[in-house]
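The file start27.cif contains mmCIF, C-alpha atoms:
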```cif
data_model
loop_
_atom_site.label_atom_id
_atom_site.label_comp_id
_atom_site.auth_asym_id
_atom_site.auth_seq_id
_atom_site.Cartn_x
_atom_site.Cartn_y
_atom_site.Cartn_z
CA MET S 1 24.96 -8.74 -15.43
CA THR S 2 22.91 -5.56 -15.93
CA LYS S 3 24.71 -2.99 -18.05
CA SER S 4 24.08 0.64 -17.13
CA PRO S 5 22.99 2.97 -19.92
CA GLN S 6 25.91 4.94 -21.29
CA TYR S 7 24.10 8.23 -22.14
CA PRO S 8 26.90 9.48 -24.44
CA GLU S 9 25.16 12.85 -24.83
CA LEU S 10 25.61 13.65 -21.12
CA ASP S 11 28.75 14.84 -19.37
CA THR S 12 29.68 13.04 -16.18
CA PRO S 13 29.19 13.15 -13.29
CA CYS S 14 25.48 13.89 -13.39
CA ALA S 15 22.14 12.65 -12.14
CA VAL S 16 19.70 10.81 -14.41
CA ILE S 17 16.10 10.30 -13.33
CA ASN S 18 13.83 7.63 -14.79
CA LEU S 19 10.40 9.24 -15.14
CA ASP S 20 8.57 5.93 -15.42
CA VAL S 21 9.89 5.01 -11.98
CA VAL S 22 8.98 8.44 -10.60
CA ASP S 23 5.41 7.98 -11.86
CA ARG S 24 5.17 4.55 -10.30
CA ASN S 25 6.53 5.72 -6.94
CA ILE S 26 4.20 8.73 -6.72
CA ASN S 27 1.11 6.77 -7.71
CA ALA S 28 1.83 3.79 -5.47
CA TYR S 29 2.19 5.81 -2.29
CA GLN S 30 -0.73 8.07 -3.09
CA ALA S 31 -2.88 4.95 -3.52
CA TYR S 32 -1.68 3.69 -0.13
CA CYS S 33 -2.59 6.99 1.57
CA ASP S 34 -5.96 7.13 -0.16
CA LYS S 35 -6.72 3.58 0.96
CA HIS S 36 -5.98 4.43 4.59
CA GLY S 37 -7.48 7.91 4.68
CA ILE S 38 -4.13 9.64 5.29
CA ALA S 39 -3.50 13.16 4.00
CA LEU S 40 -0.22 13.04 2.07
CA ARG S 41 2.01 16.12 2.21
CA PRO S 42 5.23 15.40 0.26
CA HIS S 43 8.46 17.10 1.27
CA ILE S 44 10.01 18.81 -1.76
CA LYS S 45 13.54 18.69 -0.30
CA THR S 46 14.13 15.42 -2.18
CA HIS S 47 13.62 16.79 -5.68
CA LYS S 48 13.42 20.62 -5.29
CA ILE S 49 11.65 20.81 -8.67
CA PRO S 50 8.23 22.52 -8.98
CA ALA S 51 7.09 20.22 -11.80
CA PHE S 52 7.49 17.17 -9.56
CA ALA S 53 5.67 18.93 -6.71
CA LYS S 54 2.79 19.65 -9.08
CA GLN S 55 2.76 16.01 -10.20
CA GLN S 56 2.49 14.92 -6.58
CA LEU S 57 -0.40 17.34 -6.03
CA ASP S 58 -2.14 16.23 -9.22
CA ALA S 59 -1.92 12.64 -7.99
CA GLY S 60 -3.83 13.60 -4.85
CA ALA S 61 -1.41 15.06 -2.29
CA LYS S 62 -2.99 17.62 0.03
CA GLY S 63 -0.12 20.09 -0.16
CA ILE S 64 3.65 20.20 0.09
CA THR S 65 6.24 20.51 2.83
CA CYS S 66 9.24 22.85 2.70
CA GLN S 67 12.08 23.18 5.17
CA LYS S 68 13.27 26.67 4.30
CA ILE S 69 11.62 29.94 3.26
CA GLY S 70 13.69 29.96 0.06
CA GLU S 71 12.13 26.65 -0.96
CA ALA S 72 8.65 27.99 -0.19
CA GLU S 73 9.35 31.08 -2.28
CA VAL S 74 10.35 28.96 -5.29
CA MET S 75 7.26 26.77 -4.96
CA ALA S 76 4.95 29.77 -4.53
CA ASP S 77 6.49 31.36 -7.62
CA ALA S 78 5.49 28.18 -9.50
CA GLY S 79 1.85 28.54 -8.41
CA ILE S 80 1.79 26.02 -5.55
CA ASP S 81 -0.47 27.44 -2.85
CA ASP S 82 -0.68 24.95 0.04
CA ILE S 83 2.63 24.88 1.90
CA LEU S 84 3.76 23.71 5.33
CA LEU S 85 7.08 25.16 6.47
CA THR S 86 8.56 22.79 9.06
CA TYR S 87 11.22 24.99 10.62
CA ASN S 88 11.37 27.58 13.40
CA VAL S 89 11.42 31.03 11.74
CA LEU S 90 13.39 33.72 13.57
CA GLY S 91 14.51 37.26 12.73
CA ALA S 92 12.95 40.28 11.09
CA ARG S 93 14.22 39.57 7.57
CA LYS S 94 13.02 35.98 7.50
CA LEU S 95 9.68 36.95 9.05
CA ALA S 96 9.20 39.59 6.35
CA ARG S 97 9.88 37.00 3.65
CA LEU S 98 7.50 34.57 5.35
CA ARG S 99 4.77 37.21 5.42
CA ALA S 100 5.31 37.97 1.71
CA VAL S 101 4.81 34.29 0.79
CA PHE S 102 1.81 34.03 3.13
CA ASP S 103 0.12 36.98 1.45
CA ARG S 104 0.24 35.37 -2.00
CA VAL S 105 -0.73 31.75 -1.39
CA SER S 106 -3.98 30.20 -0.23
CA VAL S 107 -2.47 28.23 2.65
CA LEU S 108 0.85 28.66 4.43
CA ARG S 109 1.37 27.07 7.83
CA VAL S 110 4.46 26.98 10.01
CA VAL S 111 5.71 25.11 13.06
CA ALA S 112 7.13 26.35 16.36
CA ASP S 113 8.43 24.76 19.54
CA ASN S 114 9.09 27.75 21.81
CA GLU S 115 7.61 31.05 22.92
CA THR S 116 10.34 33.18 21.33
CA VAL S 117 9.41 31.94 17.86
CA ILE S 118 5.69 32.25 18.59
CA THR S 119 6.05 35.83 19.81
CA GLY S 120 7.99 36.82 16.70
CA LEU S 121 5.38 35.24 14.43
CA SER S 122 2.61 37.09 16.26
CA GLN S 123 4.37 40.42 15.86
CA ALA S 124 4.93 39.80 12.13
CA PHE S 125 1.30 38.80 11.50
CA ALA S 126 -0.57 40.98 14.00
CA ASP S 127 -2.12 43.10 11.25
CA SER S 128 -2.88 40.18 8.90
CA ALA S 129 -6.43 39.84 7.60
CA LYS S 130 -6.25 36.14 8.43
CA PRO S 131 -4.21 34.46 11.15
CA LEU S 132 -1.08 32.45 10.48
CA GLU S 133 -1.78 28.86 11.51
CA ILE S 134 0.91 27.22 13.63
CA LEU S 135 1.59 23.57 14.41
CA VAL S 136 3.44 22.86 17.64
CA GLU S 137 6.47 20.73 16.89
CA CYS S 138 6.86 17.73 19.20
CA ASP S 139 9.91 15.60 19.93
CA THR S 140 8.61 12.03 19.88
CA GLY S 141 12.02 10.42 19.95
CA GLY S 142 13.83 11.93 16.98
CA GLY S 143 15.99 14.04 19.29
CA ARG S 144 15.88 17.18 17.14
CA CYS S 145 13.56 20.16 17.64
CA GLY S 146 10.24 19.83 19.43
CA VAL S 147 8.58 20.17 22.83
CA GLN S 148 9.35 17.34 25.20
CA SER S 149 5.90 16.55 26.56
CA PRO S 150 2.21 16.67 25.61
CA LYS S 151 1.69 19.02 28.55
CA TYR S 152 4.06 21.59 27.09
CA ALA S 153 2.49 21.17 23.65
CA VAL S 154 -0.85 22.13 25.18
CA ALA S 155 0.71 25.09 26.97
CA LEU S 156 2.22 26.39 23.72
CA ALA S 157 -1.10 25.93 21.93
CA GLN S 158 -2.78 28.05 24.59
CA LYS S 159 -0.07 30.69 24.21
CA ILE S 160 -0.56 30.74 20.43
CA ASN S 161 -4.30 31.23 20.78
CA SER S 162 -3.75 34.12 23.20
CA LEU S 163 -1.70 36.20 20.77
CA PRO S 164 -2.84 38.33 17.81
CA GLY S 165 -2.23 37.32 14.20
CA ILE S 166 -1.70 33.62 14.84
CA SER S 167 -3.78 30.56 15.67
CA PHE S 168 -3.14 26.99 16.78
CA ALA S 169 -3.80 24.38 14.08
CA GLY S 170 -2.32 21.15 15.40
CA LEU S 171 0.79 19.11 16.13
CA MET S 172 3.78 18.11 14.04
CA THR S 173 6.62 15.63 14.60
CA TYR S 174 9.47 14.01 12.74
CA PRO S 175 10.06 10.69 14.50
CA SER S 176 13.01 8.36 14.34
CA ALA S 177 12.65 5.26 12.19
CA GLY S 178 10.35 2.80 13.92
CA GLY S 179 8.95 5.55 16.11
CA GLY S 180 5.29 5.19 15.15
CA PRO S 181 4.11 3.90 18.55
CA LYS S 182 5.76 6.84 20.34
CA VAL S 183 4.09 9.28 17.95
CA ASP S 184 0.71 7.69 18.50
CA GLY S 185 1.12 7.80 22.27
CA PHE S 186 2.32 11.41 22.35
CA PHE S 187 -0.45 12.61 20.06
CA GLY S 188 -3.06 10.57 21.92
CA ASP S 189 -2.08 12.02 25.30
CA ALA S 190 -2.08 15.55 23.89
CA MET S 191 -5.47 15.04 22.25
CA ALA S 192 -6.99 13.98 25.57
CA MET S 193 -5.75 17.22 27.14
CA PHE S 194 -6.98 19.31 24.22
CA ASP S 195 -10.41 17.66 24.36
CA ALA S 196 -10.68 18.39 28.09
CA LEU S 197 -9.92 22.06 27.43
CA GLY S 198 -12.14 22.32 24.36
CA ILE S 199 -9.21 23.19 22.09
CA ALA S 200 -9.45 21.95 18.49
CA CYS S 201 -6.41 20.11 17.13
CA PRO S 202 -7.40 19.21 13.55
CA ILE S 203 -3.93 18.47 12.14
CA ARG S 204 -1.57 15.85 13.58
CA SER S 205 1.32 15.60 11.17
CA SER S 206 3.93 12.84 11.26
CA GLY S 207 6.40 11.75 8.61
CA GLY S 208 9.38 9.82 7.38
CA THR S 209 10.06 7.59 4.39
CA PRO S 210 11.57 4.65 6.34
CA ASP S 211 8.15 3.94 7.89
CA MET S 212 6.10 4.95 4.86
CA TRP S 213 4.26 1.64 4.60
CA LYS S 214 3.43 1.72 8.33
CA ALA S 215 1.83 5.17 8.44
CA HIS S 216 -1.61 3.61 8.93
CA GLU S 217 -0.37 2.13 12.21
CA VAL S 218 -0.40 5.63 13.75
CA PRO S 219 -4.15 6.34 13.92
CA ASN S 220 -3.72 9.54 15.94
CA ALA S 221 -1.85 11.12 13.00
CA THR S 222 -3.94 12.69 10.25
CA GLU S 223 -1.21 13.38 7.70
CA HIS S 224 2.12 11.96 6.61
CA ARG S 225 5.04 14.01 5.31
CA ILE S 226 7.42 12.08 3.09
CA GLY S 227 10.17 13.06 0.69
CA THR S 228 12.55 10.34 -0.48
CA TYR S 229 9.83 8.04 -1.84
CA ILE S 230 9.68 9.88 -5.18
CA TYR S 231 13.25 8.74 -6.02
CA ASN S 232 14.19 6.21 -3.29
CA ASP S 233 17.83 5.42 -2.49
CA ARG S 234 20.26 2.89 -1.09
CA SER S 235 19.33 3.63 2.52
CA LEU S 236 15.74 2.61 1.79
CA MET S 237 16.91 -0.46 -0.10
CA GLY S 238 18.83 -1.39 3.05
CA ARG S 239 15.67 -1.05 5.14
CA GLU S 240 13.74 -3.14 2.59
CA VAL S 241 11.37 -0.24 1.99
CA CYS S 242 12.03 -0.42 -1.75
CA GLY S 243 13.96 -2.41 -4.31
CA GLU S 244 16.66 -1.47 -6.78
CA ASP S 245 14.10 -1.05 -9.56
CA ASP S 246 12.26 1.55 -7.43
CA CYS S 247 15.29 3.89 -7.35
CA ALA S 248 14.58 6.56 -9.95
CA LEU S 249 17.69 8.72 -9.54
CA ARG S 250 21.13 7.37 -10.29
CA VAL S 251 24.45 9.19 -10.46
CA LEU S 252 26.13 8.62 -13.81
CA ALA S 253 29.90 8.45 -13.44
CA GLU S 254 32.87 7.46 -15.56
CA ILE S 255 35.83 5.22 -14.80
CA VAL S 256 38.82 7.57 -15.15
CA SER S 257 41.59 5.37 -13.74
CA LEU S 258 42.48 1.74 -12.96
CA PRO S 259 45.61 2.46 -10.93
CA ALA S 260 46.04 -0.92 -9.25
CA PRO S 261 44.47 -4.38 -9.12
CA GLY S 262 41.21 -4.25 -7.27
CA ARG S 263 40.88 -0.47 -7.48
CA ALA S 264 39.10 1.90 -9.85
CA VAL S 265 38.58 5.65 -9.67
CA ILE S 266 35.48 7.49 -10.89
CA ASP S 267 34.83 11.16 -11.57
CA ALA S 268 32.09 11.41 -8.91
CA GLY S 269 33.23 12.44 -5.45
CA SER S 270 31.66 14.03 -2.40
CA LYS S 271 30.46 17.02 -4.44
CA VAL S 272 27.99 14.71 -6.18
CA LEU S 273 27.49 11.55 -4.13
CA THR S 274 27.89 13.39 -0.78
CA SER S 275 29.49 11.86 2.29
CA ASP S 276 26.26 10.68 3.95
CA LEU S 277 26.43 7.10 5.19
CA LEU S 278 23.11 6.72 7.08
CA GLY S 279 24.50 3.69 8.88
CA LEU S 280 25.70 2.03 5.68
CA GLU S 281 29.17 0.93 4.62
CA GLY S 282 30.40 2.70 1.51
CA PHE S 283 28.99 5.62 -0.42
CA GLY S 284 26.58 4.05 -2.88
CA TYR S 285 25.51 0.96 -4.77
CA VAL S 286 27.08 0.37 -8.19
CA VAL S 287 24.24 -0.85 -10.40
CA GLY S 288 24.96 -4.25 -11.88
CA HIS S 289 28.07 -4.71 -9.75
CA PRO S 290 27.22 -5.97 -6.26
CA GLU S 291 30.81 -7.16 -5.98
CA VAL S 292 32.08 -3.55 -6.09
CA ASP S 293 32.24 -1.20 -3.09
CA VAL S 294 32.40 2.60 -3.18
CA VAL S 295 34.93 2.85 -0.37
CA GLY S 296 36.10 6.45 -0.43
CA LEU S 297 35.34 9.93 -1.67
CA SER S 298 37.36 13.07 -2.01
CA GLU S 299 35.83 16.15 -3.57
CA GLU S 300 36.10 15.06 -7.21
CA HIS S 301 37.18 11.41 -6.97
CA GLY S 302 35.41 8.26 -5.90
CA VAL S 303 37.34 5.07 -5.16
CA LEU S 304 35.90 1.66 -5.96
CA HIS S 305 37.25 -1.59 -4.53
CA PHE S 306 36.75 -5.16 -5.74
CA GLU S 307 38.63 -8.45 -5.65
CA ALA S 308 42.08 -8.05 -7.18
CA ASP S 309 41.57 -10.88 -9.67
CA LEU S 310 38.44 -9.23 -11.12
CA THR S 311 38.41 -6.86 -14.08
CA PRO S 312 34.85 -5.46 -14.03
CA PHE S 313 35.63 -2.11 -15.70
CA GLU S 314 37.50 -0.40 -18.50
CA ILE S 315 38.79 3.17 -18.48
CA GLY S 316 36.14 5.37 -20.05
CA GLU S 317 33.30 3.03 -19.08
CA ARG S 318 30.23 4.66 -17.56
CA ILE S 319 28.46 3.30 -14.51
CA GLU S 320 25.35 4.18 -12.51
CA ILE S 321 25.42 4.54 -8.73
CA ILE S 322 22.38 4.58 -6.46
CA PRO S 323 23.35 7.09 -3.74
CA ASN S 324 22.98 6.42 -0.04
CA HIS S 325 20.90 9.57 0.52
CA VAL S 326 19.32 10.96 -2.58
CA CYS S 327 17.91 14.16 -1.03
CA VAL S 328 21.38 15.58 -0.48
CA VAL S 329 22.43 14.71 -4.02
CA SER S 330 19.61 16.87 -5.38
CA ASN S 331 20.95 19.85 -3.47
CA MET S 332 24.43 19.40 -4.98
CA LEU S 333 23.36 19.83 -8.60
CA ASP S 334 22.08 22.79 -10.62
CA GLN S 335 20.46 20.47 -13.16
CA VAL S 336 19.28 16.87 -13.49
CA HIS S 337 18.43 14.83 -16.57
CA LEU S 338 14.95 13.32 -16.94
CA VAL S 339 14.76 10.13 -18.98
CA ARG S 340 11.72 8.51 -20.55
CA GLY S 341 12.48 5.87 -23.13
CA ASP S 342 15.01 7.32 -25.56
CA THR S 343 14.19 10.93 -24.66
CA ILE S 344 16.34 12.96 -22.28
CA LYS S 345 15.29 16.37 -20.93
CA THR S 346 17.51 18.56 -18.77
CA VAL S 347 15.79 20.63 -16.07
CA ASP S 348 16.92 23.03 -13.36
CA VAL S 349 16.79 22.01 -9.70
CA SER S 350 15.08 25.30 -8.94
CA ALA S 351 15.03 25.18 -5.14
CA ARG S 352 18.55 23.87 -4.58
CA GLY S 353 20.87 25.83 -2.33
CA LYS S 354 18.02 27.50 -0.45
CA VAL S 355 19.52 27.38 3.03
CA LEU S 356 17.53 30.34 4.39
#
```
Structure re-expressed in structure tokens:
Amino acid sequence: MTKSPQYPELDTPCAVINLDVVDRNINAYQAYCDKHGIALRPHIKTHKIPAFAKQQLDAGAKGITCQKIGEAEVMADAGIDDILLTYNVLGARKLARLRAVFDRVSVLRVVADNETVITGLSQAFADSAKPLEILVECDTGGGRCGVQSPKYAVALAQKINSLPGISFAGLMTYPSAGGGPKVDGFFGDAMAMFDALGIACPIRSSGGTPDMWKAHEVPNATEHRIGTYIYNDRSLMGREVCGEDDCALRVLAEIVSLPAPGRAVIDAGSKVLTSDLLGLEGFGYVVGHPEVDVVGLSEEHGVLHFEADLTPFEIGERIEIIPNHVCVVSNMLDQVHLVRGDTIKTVDVSARGKVL
């Protein structure tokens, strides 16, 4: 049985990140993208740490993806100057913040899926020395934001090109898992329309970690946005995208009670592990203990179940848990602990909590 490191110098609950695994994950996927001629644009929502974003760029990523202006501001403050913001931006205050970031980085692009957003962006950038480039967001089956047809994508592109301060740069989608064929068909149909009208569409951006090793099967996409791959998590283990040894971030927790046979309680609840299930049963994988299930979470308590005749734990013992959805865990913590060999370094999660 694999024993989890105890890390006596750390208070629990906390997140520990194995830097050797991070290095391996970044380099492996960059090599895959390089092999297939895919522009890699990692999503920083998984780690929210500028140093990791810079490592991804140094490995060969084209730029980064952010979901909120606050994240883009943190990354721009750190000197990162090629950012895609994949969220509709509305309102005078947010547009002013967007313009401030745009004016101090080399490249900042945004997405839009409706004329209201496009009109607001045009008004905010009408006097800009260079236009704000916009990707039209497309719904290719994910059922979130996005235009519903290639025809409407073309219509929005034409609208963008008709307004001051902005220009059309391409298409963007976030598909459901297994949605590569739908992405390729949508993008292909749109490209045929663009070609007939003489409209350039240089960027076709897709994404998603569940299909990371199938990105080359979407030839009409030019770039892939991916976040979770830097750490990996239990949901990706369940999809056989990665193995346990590829999961760089683990939540370190302590057994605080053994109240009854077959039950243990840990000091990590929903405020650390989060309540995300992503189609799984239980709230994480206890490293070295496949016989143990994380069956319930309250805010500060986690409940483990196992066969009543087993005694896998002692009070005060520390365990590692691979979370279901690691991206959300990052946003719950002010700091994480980076481990390489016997060295532990504590760093701030600089972009956490940026909901605007």
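With only the atoms specified (all atoms listed in the file) counting, those residues at most 7 Å away from (32.9, 5.3, -2.4) are Gly282, Phe283, Gly284, Asp293, Val294, Val295, Gly296, Leu297, Gly302, Val303 and Leu304 of chain S.
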**OP:** Can you turn the PyMOL selection byres ((chain S and resi 276) around 7) into a concrete residue list for this file, as a PyMOL selection string?
**Re:** chain S and resi 274-275+277-278+324-325
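What the PyMOL selection byres ((chain S and resi 333) around 10) picks from this file is Cys14, Ala15, Lys271, Val272, Val328, Val329, Ser330, Asn331, Met332, Asp334, Gln335, Val336, Asp348, Val349, Ser350, Arg352 and Gly353 of chain S.
If you apply the PyMOL selection byres ((chain S and resi 216) around 10) to this structure, you end up with Tyr32, Cys33, Lys35, His36, Gly37, Ile38, Gly180, Asp211, Met212, Trp213, Lys214, Ala215, Glu217, Val218, Pro219, Asn220, Ala221, Thr222, Glu223 and His224 of chain S.
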Subject >> Spatial neighbours of Gln148 of chain S, max dist 10 Å, only C-alpha atoms, sep filter under 2 positions, as a VMD selection string >> reply: chain S and resid 113 137 to 141 143 145 to 146 150 to 153 186
Output the selection as a PDB file, in the frame of the given file - C-alpha atoms for each residue.
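Okay, this is what ended up in out30.pdb:
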```pdb
ATOM      1  CA  ASP S 113       8.430  24.760  19.540  1.00  0.00           C
ATOM      2  CA  GLU S 137       6.470  20.730  16.890  1.00  0.00           C
ATOM      3  CA  CYS S 138       6.860  17.730  19.200  1.00  0.00           C
ATOM      4  CA  ASP S 139       9.910  15.600  19.930  1.00  0.00           C
ATOM      5  CA  THR S 140       8.610  12.030  19.880  1.00  0.00           C
ATOM      6  CA  GLY S 141      12.020  10.420  19.950  1.00  0.00           C
ATOM      7  CA  GLY S 143      15.990  14.040  19.290  1.00  0.00           C
ATOM      8  CA  CYS S 145      13.560  20.160  17.640  1.00  0.00           C
ATOM      9  CA  GLY S 146      10.240  19.830  19.430  1.00  0.00           C
ATOM     10  CA  PRO S 150       2.210  16.670  25.610  1.00  0.00           C
ATOM     11  CA  LYS S 151       1.690  19.020  28.550  1.00  0.00           C
ATOM     12  CA  TYR S 152       4.060  21.590  27.090  1.00  0.00           C
ATOM     13  CA  ALA S 153       2.490  21.170  23.650  1.00  0.00           C
ATOM     14  CA  PHE S 186       2.320  11.410  22.350  1.00  0.00           C
TER      15      PHE S 186
END
```
Original post:
Suppose you want the space between atom CA of Ala76 of chain S and atom CA of Val16 of chain S; what is it in Å?
Top reply: 26.0 Å
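Put simply, atom CA of Glu281 of chain S is 19.3 Å away from atom CA of Ile319 of chain S.
Going from atom CA of Asp195 of chain S to atom CA of Leu156 of chain S covers 15.4 Å.
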Original post:
Which is closest to Cys247 of chain S among S:Pro323, S:Gly279, S:Gly79, S:Gly269, if we use all atoms listed in the file?
Top reply: S:Pro323
Subject >> Point (-1.9, 28.6, 22.4) neighbourhood (12 Å, all atoms listed in the file) written as a PyMOL selection string >> reply: chain S and resi 112-115+118-119+122+133-136+151-171+194+197+199-201
Would you output that residue set with C-alpha atoms, as a PDB file, in the coordinates of the input?
```pdb
ATOM      1  CA  ALA S 112       7.130  26.350  16.360  1.00  0.00           C
ATOM      2  CA  ASP S 113       8.430  24.760  19.540  1.00  0.00           C
ATOM      3  CA  ASN S 114       9.090  27.750  21.810  1.00  0.00           C
ATOM      4  CA  GLU S 115       7.610  31.050  22.920  1.00  0.00           C
ATOM      5  CA  ILE S 118       5.690  32.250  18.590  1.00  0.00           C
ATOM      6  CA  THR S 119       6.050  35.830  19.810  1.00  0.00           C
ATOM      7  CA  SER S 122       2.610  37.090  16.260  1.00  0.00           C
ATOM      8  CA  GLU S 133      -1.780  28.860  11.510  1.00  0.00           C
ATOM      9  CA  ILE S 134       0.910  27.220  13.630  1.00  0.00           C
ATOM     10  CA  LEU S 135       1.590  23.570  14.410  1.00  0.00           C
ATOM     11  CA  VAL S 136       3.440  22.860  17.640  1.00  0.00           C
ATOM     12  CA  LYS S 151       1.690  19.020  28.550  1.00  0.00           C
ATOM     13  CA  TYR S 152       4.060  21.590  27.090  1.00  0.00           C
ATOM     14  CA  ALA S 153       2.490  21.170  23.650  1.00  0.00           C
ATOM     15  CA  VAL S 154      -0.850  22.130  25.180  1.00  0.00           C
ATOM     16  CA  ALA S 155       0.710  25.090  26.970  1.00  0.00           C
ATOM     17  CA  LEU S 156       2.220  26.390  23.720  1.00  0.00           C
ATOM     18  CA  ALA S 157      -1.100  25.930  21.930  1.00  0.00           C
ATOM     19  CA  GLN S 158      -2.780  28.050  24.590  1.00  0.00           C
ATOM     20  CA  LYS S 159      -0.070  30.690  24.210  1.00  0.00           C
ATOM     21  CA  ILE S 160      -0.560  30.740  20.430  1.00  0.00           C
ATOM     22  CA  ASN S 161      -4.300  31.230  20.780  1.00  0.00           C
ATOM     23  CA  SER S 162      -3.750  34.120  23.200  1.00  0.00           C
ATOM     24  CA  LEU S 163      -1.700  36.200  20.770  1.00  0.00           C
ATOM     25  CA  PRO S 164      -2.840  38.330  17.810  1.00  0.00           C
ATOM     26  CA  GLY S 165      -2.230  37.320  14.200  1.00  0.00           C
ATOM     27  CA  ILE S 166      -1.700  33.620  14.840  1.00  0.00           C
ATOM     28  CA  SER S 167      -3.780  30.560  15.670  1.00  0.00           C
ATOM     29  CA  PHE S 168      -3.140  26.990  16.780  1.00  0.00           C
ATOM     30  CA  ALA S 169      -3.800  24.380  14.080  1.00  0.00           C
ATOM     31  CA  GLY S 170      -2.320  21.150  15.400  1.00  0.00           C
ATOM     32  CA  LEU S 171       0.790  19.110  16.130  1.00  0.00           C
ATOM     33  CA  PHE S 194      -6.980  19.310  24.220  1.00  0.00           C
ATOM     34  CA  LEU S 197      -9.920  22.060  27.430  1.00  0.00           C
ATOM     35  CA  ILE S 199      -9.210  23.190  22.090  1.00  0.00           C
ATOM     36  CA  ALA S 200      -9.450  21.950  18.490  1.00  0.00           C
ATOM     37  CA  CYS S 201      -6.410  20.110  17.130  1.00  0.00           C
TER      38      CYS S 201
END
```
Subject >> Nearest to Ile17 of chain S by atom-to-atom distance, counting only C-alpha atoms, from S:Pro210, S:Pro50, S:Pro290, S:Gly341 >> reply: S:Gly341
Original post:
Near segment 249-255 of chain S, within 8 Å and counting all atoms listed in the file, which residues show up once chain neighbours fewer than 5 positions away are dropped, as a list in words?
Top reply: Thr12, Pro13, Cys14, Ala15, Val16, Ile17, Asn18, Tyr231, Asn232, Asp233, Ala264, Val265, Ile266, Asp267, Ala268, Val272, Leu273, Phe313, Glu314, Ile315, Gly316, Glu317, Arg318, Ile319, Glu320, Ile321, Ile322, Pro323 and Val326 of chain S
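Of the residues listed (S:Ser106, S:Glu240, S:Leu19, S:Ala100), S:Ala100 shows the shortest atom-to-atom separation from Phe125 of chain S; distances use only C-alpha atoms.
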Subject >> Given all atoms listed in the file as the counted atoms, nearest of S:Ala248, S:Leu236, S:Leu310, S:Ser270 to Asp20 of chain S >> reply: S:Ala248
Subject >> Tyr174 of chain S environment, 7 Å, all atoms listed in the file, sequence neighbours closer than 5 positions dropped, as a ChimeraX atom specification >> reply: /S:142,206-208
Output C-alpha atoms of each residue in that selection to a file, as a PDB file, in the frame of the given file.
```pdb
ATOM      1  CA  GLY S 142      13.830  11.930  16.980  1.00  0.00           C
ATOM      2  CA  SER S 206       3.930  12.840  11.260  1.00  0.00           C
ATOM      3  CA  GLY S 207       6.400  11.750   8.610  1.00  0.00           C
ATOM      4  CA  GLY S 208       9.380   9.820   7.380  1.00  0.00           C
TER       5      GLY S 208
END
```
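Minimum distance to Arg97 of chain S across S:Cys66, S:Ala190, S:Arg109, S:Leu356 (counting all atoms listed in the file) occurs at S:Leu356.
Nearest residue to Leu132 of chain S among S:Tyr229, S:Val147, S:Pro175, S:Arg99 is S:Arg99, counting all atoms listed in the file.
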